[in-house]
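Undergrad: I'd like to ask you about the structure that follows.
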Amino acid sequence: MKTISFEFVTSRAVPFYHQTLVALVNQGAPHVELRAQIREPESTPGQGEADHWCYQLLASGQQSHLEAFADELAAKFPLSCFLLDAKVKALTQEDIDSLSESDSVGNEARCDDADYEYSLPFCGHCFPRLGDNQSPEFGLVTLSCPHCHGEQQLPAGAPTLDELKQLAASLIADGSLALDGKTYQLSGYTAASSLLFTNPNTLSSHLAVSDADVLALSSIEKPRLRLLPTSEHPRLKAPSYRVRFAQSRVELLLCELLRVKGIEWLYVNKDNATDICAVDGRWQVISESGARTLRLSNPPLHHPPLHNQASAAGYQAHTHKGTIRLTPTGFASVKSPALLALRGQLQATDKRLAHHASLYLGGKGALEIATVDGNGKEEIFFTQTPLPENGYEIYRLLMESPQRQVLEKFKSLFPQECLCMLDLILSPTAERGNLQGIWALGACILGLGLNKEKPSVEYLADALVAEAQKFRGQSAPRIDYPLIRGEAVRSFNWCKTLGTLMSFRLAGDTDAPKLAFAMMDSLADYLANWIEHLDLNVGVKQVYLSGSELANPVLAKRIWLRLGKNFPLLTAPELDLDGSIFALGSLYTETPRRFGALGREAHSVKD
């Protein structure tokens, strides 16, 4: 008799893994005794980071029976993008005795409805049967699957194969199709569109994609990734695309019907896909697209939520019977995001608020740095100053600044770039106050918007990031981000930043990828210097990062290389980077919020 441990280690909870473990133990296996454990993240004093989730199955039996069971198990645990490691090892009797009985699950195991009544739309068992046009069961959308139970996800009145053939023909003829609340188009890409590939095997022919990207796109979460088109692609002309594969059985069949007609991709509008990005080698959700439930530690390690319900950044959080339910309510900007994010991250890992710095890189709020000292005193050190609402006001302020002479020379030599800047219209909710506006202005100065009529801020910012990703050098010029003291908090002088970039172009530097990279590399250096300065006063032991700008691979990597040399850089993988994390933090925020040490109101529970 041998005992083998099968462990699936993940960065966040994977409901399907939990459900699969319980089902395996309840159903049993021939000639094999099964026992399961689910170890949740824990935080201990002095530990740099919370533990990962671990879904463990212990199988005891004869060698031949265990080998047969291992083959079956591999098919039952499909890939999650949050899977960090899969381990198989033989256990000694001492290992078996040391396992905690309190964590095991069996026939008596209970699963919360909100978390673990979970099915996948399709899996590796039913996909080739219903999704392959050569299969005799092709198009049987209601096909029952004992592994993923995908038939349970079908909406009432789901179209049959014949109806889907008609819908595909209509899409080909008209170029557009409304289905299940989404709009599918053969052309007309916008920044909000998803690029849905009908044949995943052709992905690398059109986009710069890694093996890790393909695995993530193929995972059970069916997420969406930002990817760059291949160089000089004849049809994909945007700087980057938000790419995904089919997410439902209906969509899977529609893609197969279009694939055989020679259509390799289509655009999806009104999409509700989950965007993820790689942060320090693991995938994290940028903003939750649906509701989630988190468990509170029992008892709480430090203190329970201060409120039963709170809202922030377009999400609502409410507590119920030892859980916190996070629900999206719509887009909204957020005030003082660094402190809110830090509270959410620390509560998710059950840590005490002390000797921390929070670097919020921007997205729904402004770039911001906040600290908490050893006594729990909070301070906002830096908040990015909002830009004017349009290019004309930006131009006027540049002319009134010490950068006037540089701007006049730049205008005479690069008139089209100046016109691109003048045409900018910035969103009042986010683009004026976050890095997207700075990146867009940088793209105008580098001439990245000249191939498109009146490009949006989002397009230009994306173009700058894509250009920076092309840089293959080891060093770049230094772009200035001088620190200034505003009415309440510190910021950086964006006029000087733009003036420095113009100066390099006036000096004859035509290497756009290098200068785009320099903007991000220099900002990372400045951020690191500021936090190192704060460490002298606060005693920073850890730096928590958040914000959707972490999806910028160039900036994120430079921050990890520069700031990560001196501080542990952490995120909370159980949470998103720029969304529900603020609602969670609001549950632990006193209200009303009083004015802090720097004389500004940090935030309130309600946006």
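Note on naming: chains are A, B, ... as they come in the structure tokens, residues start from 1 per chain, ligands start from 1 in the order shown.
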Residues of segment 481-529 of chain A classed as strand (DSSP E) by DSSP on the backbone are to be reported as a list in words.
TA: Leu483, Ile484, Arg485, Arg490, Ser491 and Phe492 of chain A
Undergrad: Can you write out the residues you just picked, keeping N, CA, C and O atoms, as a PDB file, in the first residue's frame?
TA:
ATOM      1  N   LEU A 483      10.077  66.455  -8.746  1.00  0.00           N
ATOM      2  CA  LEU A 483       9.079  66.494  -7.684  1.00  0.00           C
ATOM      3  C   LEU A 483       8.773  67.944  -7.320  1.00  0.00           C
ATOM      4  O   LEU A 483       9.672  68.763  -7.161  1.00  0.00           O
ATOM      5  N   ILE A 484       7.487  68.258  -7.201  1.00  0.00           N
ATOM      6  CA  ILE A 484       7.056  69.599  -6.798  1.00  0.00           C
ATOM      7  C   ILE A 484       6.063  69.467  -5.656  1.00  0.00           C
ATOM      8  O   ILE A 484       5.397  68.439  -5.500  1.00  0.00           O
ATOM      9  N   ARG A 485       5.970  70.507  -4.852  1.00  0.00           N
ATOM     10  CA  ARG A 485       5.026  70.529  -3.730  1.00  0.00           C
ATOM     11  C   ARG A 485       3.818  71.354  -4.139  1.00  0.00           C
ATOM     12  O   ARG A 485       3.917  72.540  -4.427  1.00  0.00           O
ATOM     13  N   ARG A 490       2.563  66.352  -2.812  1.00  0.00           N
ATOM     14  CA  ARG A 490       3.583  66.450  -3.846  1.00  0.00           C
ATOM     15  C   ARG A 490       3.087  65.821  -5.156  1.00  0.00           C
ATOM     16  O   ARG A 490       2.257  64.920  -5.146  1.00  0.00           O
ATOM     17  N   SER A 491       3.660  66.284  -6.261  1.00  0.00           N
ATOM     18  CA  SER A 491       3.379  65.709  -7.575  1.00  0.00           C
ATOM     19  C   SER A 491       4.653  65.863  -8.396  1.00  0.00           C
ATOM     20  O   SER A 491       5.705  66.174  -7.861  1.00  0.00           O
ATOM     21  N   PHE A 492       4.554  65.613  -9.708  1.00  0.00           N
ATOM     22  CA  PHE A 492       5.719  65.896 -10.555  1.00  0.00           C
ATOM     23  C   PHE A 492       5.339  66.948 -11.599  1.00  0.00           C
ATOM     24  O   PHE A 492       4.170  67.101 -11.965  1.00  0.00           O
TER      25      PHE A 492
END
Undergrad: DSSP on the backbone: which residues in segment 203-395 of chain A end up as helix (DSSP H, G or I)? Give the answer as number ranges by chain.
TA: A: 203-206, 211-217, 249-259, 337-348, 391-395
Undergrad: What are the closest atom pairs, with distances in Å to one decimal, for all residues of segment 319-384 of chain A lying within 9 Å of segment 549-569 of chain A? Consider only C-alpha atoms, order rows by chain and residue number, and present the result as JSON lines.
TA:
{"residue": "A:Tyr360", "atom": "CA", "partner": "A:Glu549", "partner_atom": "CA", "distance": 8.6}
{"residue": "A:Leu361", "atom": "CA", "partner": "A:Glu549", "partner_atom": "CA", "distance": 5.5}
{"residue": "A:Gly362", "atom": "CA", "partner": "A:Glu549", "partner_atom": "CA", "distance": 5.7}
{"residue": "A:Gly363", "atom": "CA", "partner": "A:Glu549", "partner_atom": "CA", "distance": 6.1}
Undergrad: Based on the selection just made, write N, CA, C and O atoms of those residues as a PDB file, in the first residue's frame.
TA:
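Written file, again08.pdb:
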ATOM      1  N   TYR A 360       0.298  53.036  -5.961  1.00  0.00           N
ATOM      2  CA  TYR A 360      -0.804  52.841  -6.918  1.00  0.00           C
ATOM      3  C   TYR A 360      -0.382  53.496  -8.223  1.00  0.00           C
ATOM      4  O   TYR A 360      -0.184  54.713  -8.292  1.00  0.00           O
ATOM      5  N   LEU A 361      -0.245  52.684  -9.269  1.00  0.00           N
ATOM      6  CA  LEU A 361       0.315  53.170 -10.527  1.00  0.00           C
ATOM      7  C   LEU A 361      -0.700  53.841 -11.438  1.00  0.00           C
ATOM      8  O   LEU A 361      -0.333  54.353 -12.499  1.00  0.00           O
ATOM      9  N   GLY A 362      -1.963  53.826 -11.041  1.00  0.00           N
ATOM     10  CA  GLY A 362      -2.946  54.548 -11.822  1.00  0.00           C
ATOM     11  C   GLY A 362      -3.854  53.657 -12.629  1.00  0.00           C
ATOM     12  O   GLY A 362      -3.554  52.496 -12.910  1.00  0.00           O
ATOM     13  N   GLY A 363      -4.974  54.202 -13.014  1.00  0.00           N
ATOM     14  CA  GLY A 363      -5.998  53.510 -13.776  1.00  0.00           C
ATOM     15  C   GLY A 363      -7.311  54.200 -13.501  1.00  0.00           C
ATOM     16  O   GLY A 363      -7.663  55.181 -14.147  1.00  0.00           O
TER      17      GLY A 363
END
Undergrad: Please list as a JSON list (two decimals) with N, CA, C and O atoms, in the first residue's frame every residue within 12 Å of Tyr241 of chain A, counting only C-alpha atoms and excluding residues in the same chain fewer than 2 positions away.
TA:
[["chain", "number", "residue", "atom", "x", "y", "z"],
["A", 189, "TYR", "N", -12.79, 47.67, -35.70],
["A", 189, "TYR", "CA", -12.20, 47.52, -34.37],
["A", 189, "TYR", "C", -12.19, 48.86, -33.62],
["A", 189, "TYR", "O", -11.89, 49.91, -34.19],
["A", 190, "THR", "N", -12.53, 48.82, -32.34],
["A", 190, "THR", "CA", -12.38, 49.97, -31.45],
["A", 190, "THR", "C", -11.56, 49.54, -30.24],
["A", 190, "THR", "O", -11.34, 48.34, -30.01],
["A", 191, "ALA", "N", -11.12, 50.50, -29.44],
["A", 191, "ALA", "CA", -10.28, 50.19, -28.27],
["A", 191, "ALA", "C", -11.03, 49.33, -27.26],
["A", 191, "ALA", "O", -10.41, 48.62, -26.47],
["A", 192, "ALA", "N", -12.36, 49.38, -27.29],
["A", 192, "ALA", "CA", -13.16, 48.59, -26.34],
["A", 192, "ALA", "C", -13.47, 47.19, -26.85],
["A", 192, "ALA", "O", -14.06, 46.39, -26.14],
["A", 193, "SER", "N", -13.07, 46.88, -28.08],
["A", 193, "SER", "CA", -13.40, 45.59, -28.68],
["A", 193, "SER", "C", -12.48, 44.48, -28.19],
["A", 193, "SER", "O", -11.34, 44.72, -27.81],
["A", 194, "SER", "N", -13.01, 43.26, -28.22],
["A", 194, "SER", "CA", -12.18, 42.07, -28.05],
["A", 194, "SER", "C", -11.88, 41.49, -29.42],
["A", 194, "SER", "O", -12.71, 41.57, -30.33],
["A", 195, "LEU", "N", -10.70, 40.93, -29.56],
["A", 195, "LEU", "CA", -10.33, 40.23, -30.79],
["A", 195, "LEU", "C", -10.49, 38.74, -30.52],
["A", 195, "LEU", "O", -9.70, 38.15, -29.78],
["A", 196, "LEU", "N", -11.54, 38.15, -31.06],
["A", 196, "LEU", "CA", -11.86, 36.74, -30.83],
["A", 196, "LEU", "C", -11.32, 35.90, -31.97],
["A", 196, "LEU", "O", -11.73, 36.06, -33.12],
["A", 197, "PHE", "N", -10.39, 35.01, -31.65],
["A", 197, "PHE", "CA", -9.80, 34.15, -32.68],
["A", 197, "PHE", "C", -10.64, 32.89, -32.84],
["A", 197, "PHE", "O", -10.93, 32.20, -31.86],
["A", 206, "HIS", "N", -0.22, 35.85, -36.28],
["A", 206, "HIS", "CA", -0.72, 37.22, -36.35],
["A", 206, "HIS", "C", -0.29, 38.09, -35.18],
["A", 206, "HIS", "O", -0.27, 39.32, -35.30],
["A", 207, "LEU", "N", 0.03, 37.47, -34.04],
["A", 207, "LEU", "CA", 0.33, 38.24, -32.83],
["A", 207, "LEU", "C", 1.63, 37.77, -32.21],
["A", 207, "LEU", "O", 2.01, 36.59, -32.33],
["A", 208, "ALA", "N", 2.30, 38.68, -31.53],
["A", 208, "ALA", "CA", 3.51, 38.33, -30.77],
["A", 208, "ALA", "C", 3.06, 37.67, -29.47],
["A", 208, "ALA", "O", 2.63, 38.34, -28.54],
["A", 209, "VAL", "N", 3.14, 36.35, -29.43],
["A", 209, "VAL", "CA", 2.56, 35.60, -28.33],
["A", 209, "VAL", "C", 3.56, 34.57, -27.81],
["A", 209, "VAL", "O", 4.31, 33.97, -28.58],
["A", 224, "ARG", "N", -8.89, 37.44, -21.07],
["A", 224, "ARG", "CA", -8.51, 38.27, -22.21],
["A", 224, "ARG", "C", -7.14, 38.88, -21.93],
["A", 224, "ARG", "O", -6.86, 39.34, -20.82],
["A", 225, "LEU", "N", -6.27, 38.86, -22.95],
["A", 225, "LEU", "CA", -4.90, 39.37, -22.83],
["A", 225, "LEU", "C", -4.65, 40.48, -23.84],
["A", 225, "LEU", "O", -5.19, 40.46, -24.95],
["A", 226, "ARG", "N", -3.82, 41.43, -23.46],
["A", 226, "ARG", "CA", -3.35, 42.45, -24.39],
["A", 226, "ARG", "C", -2.13, 41.92, -25.11],
["A", 226, "ARG", "O", -1.12, 41.55, -24.50],
["A", 227, "LEU", "N", -2.20, 41.86, -26.46],
["A", 227, "LEU", "CA", -1.11, 41.33, -27.27],
["A", 227, "LEU", "C", -0.82, 42.26, -28.44],
["A", 227, "LEU", "O", -1.73, 42.93, -28.94],
["A", 228, "LEU", "N", 0.43, 42.29, -28.86],
["A", 228, "LEU", "CA", 0.84, 43.12, -29.99],
["A", 228, "LEU", "C", 0.75, 42.34, -31.29],
["A", 228, "LEU", "O", 1.05, 41.14, -31.31],
["A", 229, "PRO", "N", 0.35, 42.98, -32.38],
["A", 229, "PRO", "CA", 0.39, 42.29, -33.69],
["A", 229, "PRO", "C", 1.83, 42.10, -34.14],
["A", 229, "PRO", "O", 2.74, 42.79, -33.68],
["A", 230, "THR", "N", 2.04, 41.14, -35.01],
["A", 230, "THR", "CA", 3.37, 40.92, -35.55],
["A", 230, "THR", "C", 3.79, 42.13, -36.39],
["A", 230, "THR", "O", 2.95, 42.91, -36.87],
["A", 236, "LEU", "N", -3.88, 43.86, -39.17],
["A", 236, "LEU", "CA", -4.00, 44.29, -37.77],
["A", 236, "LEU", "C", -3.09, 45.49, -37.55],
["A", 236, "LEU", "O", -1.90, 45.38, -37.35],
["A", 237, "LYS", "N", -3.69, 46.69, -37.57],
["A", 237, "LYS", "CA", -2.92, 47.92, -37.58],
["A", 237, "LYS", "C", -2.92, 48.66, -36.25],
["A", 237, "LYS", "O", -2.18, 49.64, -36.09],
["A", 238, "ALA", "N", -3.75, 48.26, -35.29],
["A", 238, "ALA", "CA", -3.75, 48.93, -33.99],
["A", 238, "ALA", "C", -2.47, 48.60, -33.23],
["A", 238, "ALA", "O", -1.82, 47.59, -33.51],
["A", 239, "PRO", "N", -2.06, 49.44, -32.27],
["A", 239, "PRO", "CA", -0.84, 49.16, -31.51],
["A", 239, "PRO", "C", -0.89, 47.82, -30.78],
["A", 239, "PRO", "O", 0.11, 47.11, -30.70],
["A", 243, "VAL", "N", -7.18, 40.19, -26.67],
["A", 243, "VAL", "CA", -7.43, 38.93, -27.39],
["A", 243, "VAL", "C", -8.02, 37.89, -26.43],
["A", 243, "VAL", "O", -7.62, 37.80, -25.27],
["A", 244, "ARG", "N", -8.91, 37.11, -26.96],
["A", 244, "ARG", "CA", -9.44, 35.96, -26.21],
["A", 244, "ARG", "C", -9.90, 34.87, -27.16],
["A", 244, "ARG", "O", -9.97, 35.08, -28.38],
["A", 265, "TRP", "N", -10.58, 35.64, -37.41],
["A", 265, "TRP", "CA", -10.93, 36.36, -36.18],
["A", 265, "TRP", "C", -12.11, 37.29, -36.44],
["A", 265, "TRP", "O", -12.47, 37.56, -37.59],
["A", 266, "LEU", "N", -12.72, 37.74, -35.37],
["A", 266, "LEU", "CA", -13.78, 38.73, -35.44],
["A", 266, "LEU", "C", -13.71, 39.60, -34.20],
["A", 266, "LEU", "O", -13.05, 39.26, -33.21],
["A", 267, "TYR", "N", -14.37, 40.74, -34.25],
["A", 267, "TYR", "CA", -14.34, 41.70, -33.15],
["A", 267, "TYR", "C", -15.62, 41.58, -32.35],
["A", 267, "TYR", "O", -16.72, 41.41, -32.91],
["A", 268, "VAL", "N", -15.49, 41.66, -31.03],
["A", 268, "VAL", "CA", -16.64, 41.53, -30.14],
["A", 268, "VAL", "C", -16.77, 42.81, -29.33],
["A", 268, "VAL", "O", -15.83, 43.22, -28.63],
["A", 275, "ASP", "N", -10.02, 40.69, -17.90],
["A", 275, "ASP", "CA", -8.67, 41.04, -18.34],
["A", 275, "ASP", "C", -7.66, 40.63, -17.28],
["A", 275, "ASP", "O", -7.85, 40.89, -16.08],
["A", 459, "TYR", "N", -5.78, 55.24, -27.44],
["A", 459, "TYR", "CA", -5.01, 54.75, -28.58],
["A", 459, "TYR", "C", -3.56, 55.22, -28.48],
["A", 459, "TYR", "O", -2.62, 54.43, -28.68],
["A", 462, "ASP", "N", -1.63, 53.54, -25.67],
["A", 462, "ASP", "CA", -1.34, 52.17, -26.08],
["A", 462, "ASP", "C", -0.20, 52.14, -27.09],
["A", 462, "ASP", "O", 0.67, 51.26, -27.06],
["A", 463, "ALA", "N", -0.18, 53.13, -27.98],
["A", 463, "ALA", "CA", 0.88, 53.20, -28.99],
["A", 463, "ALA", "C", 2.24, 53.42, -28.33],
["A", 463, "ALA", "O", 3.25, 52.85, -28.75],
["A", 466, "ALA", "N", 3.32, 50.12, -26.66],
["A", 466, "ALA", "CA", 3.72, 49.17, -27.69],
["A", 466, "ALA", "C", 5.08, 49.54, -28.28],
["A", 466, "ALA", "O", 5.91, 48.67, -28.57]]
Undergrad: My list of candidates is A:Gln185, A:Thr293, A:Asn375, A:Ser219. Which is closest to Cys123 of chain A when distances are computed with only C-alpha atoms?
TA: A:Ser219
Undergrad: Nearest to Arg343 of chain A among A:Pro159, A:Gly376, A:Gly447, A:Gly290, with distances taken over only C-alpha atoms: which residue is it?
TA: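 Between A:Pro159, A:Gly376, A:Gly447, A:Gly290, the residue approaching Arg343 of chain A most closely is A:Gly376.
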Undergrad: Nearest residue to Leu397 of chain A out of A:Ser170, A:Ser336, A:Asn493, A:Gln153, using only C-alpha atoms?
TA: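 Looking at the shortest contact to Leu397 of chain A, the residue is A:Asn493.
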Undergrad: Pick out the residues sitting within 10 Å of segment 260-263 of chain A, and hand them over as a PyMOL selection string; count only C-alpha atoms, and ignore anything fewer than 6 positions along from it in its own chain.
TA: chain A and resi 133+168-169+172+186+197-199
Undergrad: Could the residues in this selection be saved with C-alpha atoms as an mmCIF file, in the first residue's frame?
TA:
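Everything below was put into part-v2.cif:
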data_model
loop_
_atom_site.group_PDB
_atom_site.id
_atom_site.type_symbol
_atom_site.label_atom_id
_atom_site.label_comp_id
_atom_site.auth_asym_id
_atom_site.auth_seq_id
_atom_site.Cartn_x
_atom_site.Cartn_y
_atom_site.Cartn_z
ATOM 1 C CA ASN A 133 -17.005 19.843 -37.380
ATOM 2 C CA ALA A 168 -23.015 32.760 -39.172
ATOM 3 C CA ALA A 169 -24.275 33.310 -42.714
ATOM 4 C CA ILE A 172 -20.736 37.012 -43.152
ATOM 5 C CA LEU A 186 -15.925 41.295 -39.089
ATOM 6 C CA PHE A 197 -9.796 34.153 -32.676
ATOM 7 C CA THR A 198 -11.805 31.416 -34.346
ATOM 8 C CA ASN A 199 -8.749 29.179 -34.697
#
Undergrad: What separation in Å, quoted to one decimal, exists between atom CA of Gln284 of chain A and atom CA of Pro573 of chain A?
TA: 6.1 Å
Undergrad: Of the candidates A:Ala59, A:Leu435, A:Leu419, A:Phe504, which one gets nearest to Tyr392 of chain A if we count only C-alpha atoms?
TA: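 The shortest atom-to-atom distance to Tyr392 of chain A comes from A:Leu419.
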Undergrad: Atom CA of Ala36 of chain A and atom CA of Leu24 of chain A are how many Å apart?
TA: 8.8 Å
Undergrad: As a compact mmCIF listing (two decimals) with N, CA, C and O atoms, in the first residue's frame, please: the residues near Leu407 of chain A (cut-off 9 Å, only C-alpha atoms, same-chain neighbours under 4 positions excluded).
TA:
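Result written to out.txt:
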# COMPACT_ATOMS: atom_id res chain seq x y z
N TYR A 395 -1.22 73.00 -24.12
CA TYR A 395 -0.28 73.84 -24.89
C TYR A 395 -0.11 75.20 -24.23
O TYR A 395 1.02 75.72 -24.12
N LEU A 398 2.09 74.93 -21.16
CA LEU A 398 3.49 74.74 -21.57
C LEU A 398 4.11 76.06 -22.01
O LEU A 398 5.28 76.35 -21.69
N MET A 399 3.33 76.89 -22.70
CA MET A 399 3.83 78.19 -23.15
C MET A 399 4.06 79.14 -21.98
O MET A 399 4.91 80.03 -22.05
N GLN A 403 9.28 75.94 -20.17
CA GLN A 403 9.49 75.12 -21.38
C GLN A 403 9.08 75.85 -22.66
O GLN A 403 9.08 75.26 -23.73
N LYS A 411 7.64 73.24 -32.16
CA LYS A 411 6.52 73.54 -33.05
C LYS A 411 7.01 73.88 -34.45
O LYS A 411 6.40 73.49 -35.46
N SER A 412 8.13 74.58 -34.55
CA SER A 412 8.63 74.97 -35.87
C SER A 412 9.18 73.78 -36.65
O SER A 412 9.08 73.73 -37.88
N CYS A 418 2.70 68.71 -33.00
CA CYS A 418 2.02 69.71 -32.16
C CYS A 418 0.52 69.72 -32.43
O CYS A 418 -0.29 69.86 -31.50
N GLY A 499 8.87 68.71 -21.78
CA GLY A 499 9.94 69.52 -22.34
C GLY A 499 11.22 68.72 -22.54
O GLY A 499 11.92 68.89 -23.55
N MET A 502 10.77 66.60 -25.67
CA MET A 502 10.91 67.43 -26.87
C MET A 502 12.38 67.74 -27.14
O MET A 502 12.82 67.76 -28.31
N SER A 503 13.14 67.98 -26.08
CA SER A 503 14.55 68.32 -26.24
C SER A 503 15.33 67.20 -26.93
O SER A 503 16.21 67.46 -27.76
Undergrad: List as an MDAnalysis selection string the protein and nucleic acid residues near Tyr315 of chain A, meaning an atom at most 12 Å away when only C-alpha atoms are counted, but skip any in the same chain fewer than 6 places from it.
TA: chainID A and resid 287:292 309 325:334 364 576 578:587 605:607
Undergrad: Can you tell me which residues surround Arg505 of chain A at a distance of at most 12 Å, considering only C-alpha atoms, apart from same-chain residues fewer than 2 positions away, and format the answer as a list of chain:residue names?
TA: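 That gives A:Val406, A:Leu407, A:Lys409, A:Phe410, A:Lys411, A:Leu413, A:Phe414, A:Glu417, A:Gly442, A:Cys444, A:Ile445, A:Leu446, A:Gly447, A:Pro477, A:Leu498, A:Gly499, A:Thr500, A:Leu501, A:Met502, A:Ser503, A:Ala507, A:Gly508, A:Asp509, A:Thr510, A:Asp511, A:Ala512, A:Lys514, A:Leu515, A:Ala516.
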Undergrad: If you keep N, CA and C atoms, can you produce a file of those selected residues as a compact mmCIF listing (two decimals), in the first residue's frame?
TA:
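So out27.txt came out as:
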# COMPACT_ATOMS: atom_id res chain seq x y z
N VAL A 406 11.60 75.74 -25.62
CA VAL A 406 11.69 74.40 -26.20
C VAL A 406 10.46 74.12 -27.05
N LEU A 407 9.28 74.49 -26.54
CA LEU A 407 8.03 74.22 -27.26
C LEU A 407 7.99 74.99 -28.59
N LYS A 409 10.51 75.96 -30.47
CA LYS A 409 11.41 75.30 -31.43
C LYS A 409 10.79 73.99 -31.93
N PHE A 410 10.19 73.26 -31.01
CA PHE A 410 9.58 71.99 -31.39
C PHE A 410 8.44 72.21 -32.39
N LYS A 411 7.64 73.24 -32.16
CA LYS A 411 6.52 73.54 -33.05
C LYS A 411 7.01 73.88 -34.45
N LEU A 413 9.76 72.80 -35.94
CA LEU A 413 10.35 71.64 -36.61
C LEU A 413 9.38 70.47 -36.74
N PHE A 414 8.43 70.37 -35.83
CA PHE A 414 7.50 69.24 -35.83
C PHE A 414 6.06 69.74 -35.70
N GLU A 417 3.22 67.02 -35.13
CA GLU A 417 3.19 66.47 -33.77
C GLU A 417 2.48 67.42 -32.82
N GLY A 442 3.22 61.94 -24.67
CA GLY A 442 4.51 61.43 -25.14
C GLY A 442 4.41 60.84 -26.53
N CYS A 444 2.27 61.72 -28.84
CA CYS A 444 2.14 62.85 -29.79
C CYS A 444 3.51 63.43 -30.12
N ILE A 445 4.34 63.65 -29.10
CA ILE A 445 5.65 64.24 -29.30
C ILE A 445 6.54 63.33 -30.15
N LEU A 446 6.39 62.02 -30.00
CA LEU A 446 7.20 61.07 -30.77
C LEU A 446 6.60 60.77 -32.15
N GLY A 447 5.48 61.38 -32.47
CA GLY A 447 4.88 61.19 -33.79
C GLY A 447 4.15 59.88 -33.97
N PRO A 477 17.97 57.31 -22.45
CA PRO A 477 18.12 58.65 -21.87
C PRO A 477 17.24 58.84 -20.63
N LEU A 498 7.52 66.73 -20.35
CA LEU A 498 7.29 66.84 -21.80
C LEU A 498 8.39 67.66 -22.47
N GLY A 499 8.87 68.71 -21.78
CA GLY A 499 9.94 69.52 -22.34
C GLY A 499 11.22 68.72 -22.54
N THR A 500 11.53 67.81 -21.61
CA THR A 500 12.71 66.97 -21.75
C THR A 500 12.59 66.07 -22.98
N LEU A 501 11.40 65.49 -23.17
CA LEU A 501 11.18 64.61 -24.31
C LEU A 501 11.32 65.38 -25.63
N MET A 502 10.77 66.60 -25.67
CA MET A 502 10.91 67.43 -26.87
C MET A 502 12.38 67.74 -27.14
N SER A 503 13.14 67.98 -26.08
CA SER A 503 14.55 68.32 -26.24
C SER A 503 15.33 67.20 -26.93
N ALA A 507 17.23 67.41 -30.51
CA ALA A 507 18.66 67.07 -30.63
C ALA A 507 18.92 66.04 -31.71
N GLY A 508 17.86 65.60 -32.39
CA GLY A 508 18.03 64.68 -33.51
C GLY A 508 17.84 63.22 -33.18
N ASP A 509 17.36 62.91 -31.99
CA ASP A 509 17.13 61.52 -31.62
C ASP A 509 15.84 61.04 -32.28
N THR A 510 15.95 60.10 -33.19
CA THR A 510 14.79 59.60 -33.93
C THR A 510 14.38 58.19 -33.51
N ASP A 511 14.99 57.69 -32.47
CA ASP A 511 14.71 56.32 -32.00
C ASP A 511 13.48 56.34 -31.10
N ALA A 512 12.29 56.21 -31.70
CA ALA A 512 11.05 56.29 -30.93
C ALA A 512 10.94 55.19 -29.88
N LYS A 514 13.27 53.78 -28.18
CA LYS A 514 14.18 54.11 -27.07
C LYS A 514 13.60 55.23 -26.21
N LEU A 515 13.05 56.26 -26.84
CA LEU A 515 12.51 57.38 -26.08
C LEU A 515 11.22 56.99 -25.34
N ALA A 516 10.41 56.13 -25.95
CA ALA A 516 9.20 55.64 -25.26
C ALA A 516 9.60 54.82 -24.03
